[in-house]
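> Handing you a structure now.
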Amino acid sequence: MRSIDYDSEQHQDYARGRALTQQQLHVWMSAFEAALPEPRPLAGLDVGSGTGRFTPALARAFGPVIGVEPSVRMREVAQTQSQHPGVRYLPGTAEEIPVPSDSADYALMAWSWHHVQDKPRAARELARVLRTGGRLLLRTNFSDHHPRPWWLESFPRGYEADASIYQPLHEVIATFTSVGWRVVSFGTVTEPSSGTRGAMLERLRLRTLSFFAQLSPDELEAGFHRLEQAVAADPDAPAPVFAEPLLTLELR
């Protein structure tokens with residue numbers, strides 16, 4: 001996939017383009033709660049925390065959280081818009097997490113694994129910073145377990161281009177199990193509707209999804225033209241829901 005420099009693109013619109021409704025956030029937090037160990041509180045890491053979409057909610061639910069994010073601009077937005085007394089945001093990557101060994105009970109990687117350049121190194125680094133029995137919540141798509149959101153069909157090569165960003169599930173699992181992780185669970189979370197089709201189109205126009213960086217200008221123009229025509233037929237209709245993958249791993 002084409003890499004994205006969030007310091008020069010997307011940071012201004014990311015929080016708005018990728019915003020979750022309170023109902024959507026509740027559903028994800030319930031899924032995370034079911035996957036995390038007891039007792040609470042827990043020391044957490046939000047690796048690839050971006051603008052802090054989940055970080056304060058994790059702190060409220062489970063205990064202190066460190067958001068690890070390589071983009072200066074994304075961290076600036078998080079520090080301004082996603083504050084919580086139990087949250088700190090630090091520069092770092094999945095391959096270089098700026099915390100001591102055996103210092104966290106869990107890590108969340110939500111929509112960030114596909115950005116990791118050296119995945120085997122990241123799996124080892126996550127094993128370093130988590131305690132034995134710690135959990136990794138990996139919210140990512142997989143090329144063979146793809147949610148196929150409704151709007152993708154409007155874009156040339158839509159499903160093909162989006163799936164090409166991600167690895168197959170077995171490949172991700174092999175990366176982790178080869179360095180001491182075990183699979184706890186794999187399933188899907190059905191996220192509630194994000195609102196109307198018209199409102200979703202407005203967020204998509206901000207192009208804050210990695211998918212859009214994979215298309216040519218002509219493909220983007222054609223895709224948005226088709227999508228606008230489709231939405232215009234009933235802009236107030238609820239945006240369809242779909243099930244998104246969640247892989248939970250445990251450090252042995």
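Residues in the structure tokens are numbered from 1 in each chain, the chains being A, B, ... in the order shown, and ligands are numbered from 1 in the order shown.
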Excluding Leu201 in chain A and residues on its chain fewer than 6 positions from it, collect all residues at most 12 Å away from it, counting only C-alpha atoms, and give them as number ranges by chain.
A: 17, 150-152, 154, 194-195, 207, 223-232, 234-239
> Suppose we keep C-alpha atoms; can you now write the selection as a PDB file, in the first residue's frame?

```
ATOM      1  CA  GLY A  17     -13.771  11.767   9.081  1.00  0.00           C
ATOM      2  CA  TRP A 150     -21.548  -0.616   1.096  1.00  0.00           C
ATOM      3  CA  TRP A 151     -19.866   2.389  -0.503  1.00  0.00           C
ATOM      4  CA  LEU A 152     -16.846   0.469  -1.870  1.00  0.00           C
ATOM      5  CA  SER A 154     -18.986   2.646  -6.283  1.00  0.00           C
ATOM      6  CA  SER A 194     -22.909   5.685  11.410  1.00  0.00           C
ATOM      7  CA  GLY A 195     -25.956   7.783  10.496  1.00  0.00           C
ATOM      8  CA  ARG A 207     -10.700  10.893   2.363  1.00  0.00           C
ATOM      9  CA  GLY A 223     -15.981   6.631  -7.671  1.00  0.00           C
ATOM     10  CA  PHE A 224     -17.266   9.715  -5.909  1.00  0.00           C
ATOM     11  CA  HIS A 225     -19.444  10.564  -8.907  1.00  0.00           C
ATOM     12  CA  ARG A 226     -21.091   7.126  -8.745  1.00  0.00           C
ATOM     13  CA  LEU A 227     -21.403   7.289  -4.963  1.00  0.00           C
ATOM     14  CA  GLU A 228     -23.007  10.731  -5.079  1.00  0.00           C
ATOM     15  CA  GLN A 229     -25.548   9.466  -7.607  1.00  0.00           C
ATOM     16  CA  ALA A 230     -26.343   6.439  -5.459  1.00  0.00           C
ATOM     17  CA  VAL A 231     -26.745   8.481  -2.277  1.00  0.00           C
ATOM     18  CA  ALA A 232     -28.826  11.169  -4.002  1.00  0.00           C
ATOM     19  CA  ASP A 234     -32.203   8.502  -0.721  1.00  0.00           C
ATOM     20  CA  PRO A 235     -29.686  10.568   1.286  1.00  0.00           C
ATOM     21  CA  ASP A 236     -31.640  10.209   4.550  1.00  0.00           C
ATOM     22  CA  ALA A 237     -31.621   6.420   4.504  1.00  0.00           C
ATOM     23  CA  PRO A 238     -29.549   4.862   7.309  1.00  0.00           C
ATOM     24  CA  ALA A 239     -26.058   3.810   6.271  1.00  0.00           C
TER      25      ALA A 239
END
```
> Tell me which protein, DNA and RNA residues are within 10 Å of Asp118 in chain A, counting only C-alpha atoms, leaving out same-chain ones fewer than 4 positions away, and put them as a VMD selection string.
chain A and resid 94 to 95 122 to 123
> May I have all residues of range 15-220 of chain A that DSSP, computed from the backbone, assigns to strand (DSSP E or B), given as a ChimeraX atom specification?
/A:44-47,65-68,87-90,104-110,130-139,142,145,181-191,196
> Run DSSP on the backbone and tell me which residues of range 8-198 of chain A come out as helix (DSSP H, G or I); list them as JSON, numbers by chain.
{"A": [14, 15, 16, 17, 22, 23, 24, 25, 26, 27, 28, 29, 30, 31, 32, 33, 34, 35, 55, 56, 57, 58, 59, 60, 61, 62, 72, 73, 74, 75, 76, 77, 78, 79, 80, 81, 113, 114, 115, 119, 120, 121, 122, 123, 124, 125, 126, 127, 128, 129, 150, 151, 152, 153, 154, 158, 159, 160, 161, 162, 163, 169, 170, 171, 172, 173, 174, 175, 176, 177, 197, 198]}
> Name the residues in contact with Ser143 in chain A at a cut-off of 10 Å, using only C-alpha atoms, excluding same-chain residues fewer than 5 positions from it; report them as a VMD selection string.
chain A and resid 159 to 160 162 to 169
> Using N, CA and C atoms, can you write the selected residues to a file as a CSV table (one decimal), in the first residue's frame?

```
chain,number,residue,atom,x,y,z
A,159,TYR,N,-13.2,-3.2,-4.1
A,159,TYR,CA,-12.9,-4.3,-3.2
A,159,TYR,C,-11.5,-4.8,-3.3
A,160,GLU,N,-11.0,-4.9,-4.6
A,160,GLU,CA,-9.7,-5.3,-4.8
A,160,GLU,C,-8.6,-4.4,-4.2
A,162,ASP,N,-9.0,-2.2,-1.8
A,162,ASP,CA,-9.1,-2.2,-0.3
A,162,ASP,C,-8.5,-3.4,0.3
A,163,ALA,N,-8.9,-4.6,-0.2
A,163,ALA,CA,-8.3,-5.8,0.3
A,163,ALA,C,-6.8,-5.9,0.1
A,164,SER,N,-6.3,-5.3,-0.9
A,164,SER,CA,-4.8,-5.4,-1.1
A,164,SER,C,-4.0,-4.7,0.0
A,165,ILE,N,-4.6,-3.9,0.8
A,165,ILE,CA,-4.0,-3.2,1.9
A,165,ILE,C,-3.6,-4.2,3.0
A,166,TYR,N,-4.4,-5.2,3.1
A,166,TYR,CA,-4.4,-6.1,4.3
A,166,TYR,C,-3.8,-7.5,4.0
A,167,GLN,N,-3.3,-8.1,5.1
A,167,GLN,CA,-2.8,-9.5,5.0
A,167,GLN,C,-3.9,-10.5,5.2
A,168,PRO,N,-3.7,-11.7,4.7
A,168,PRO,CA,-4.7,-12.8,5.1
A,168,PRO,C,-4.5,-13.1,6.6
A,169,LEU,N,-5.6,-13.6,7.2
A,169,LEU,CA,-5.7,-13.9,8.6
A,169,LEU,C,-4.6,-14.8,9.0
```
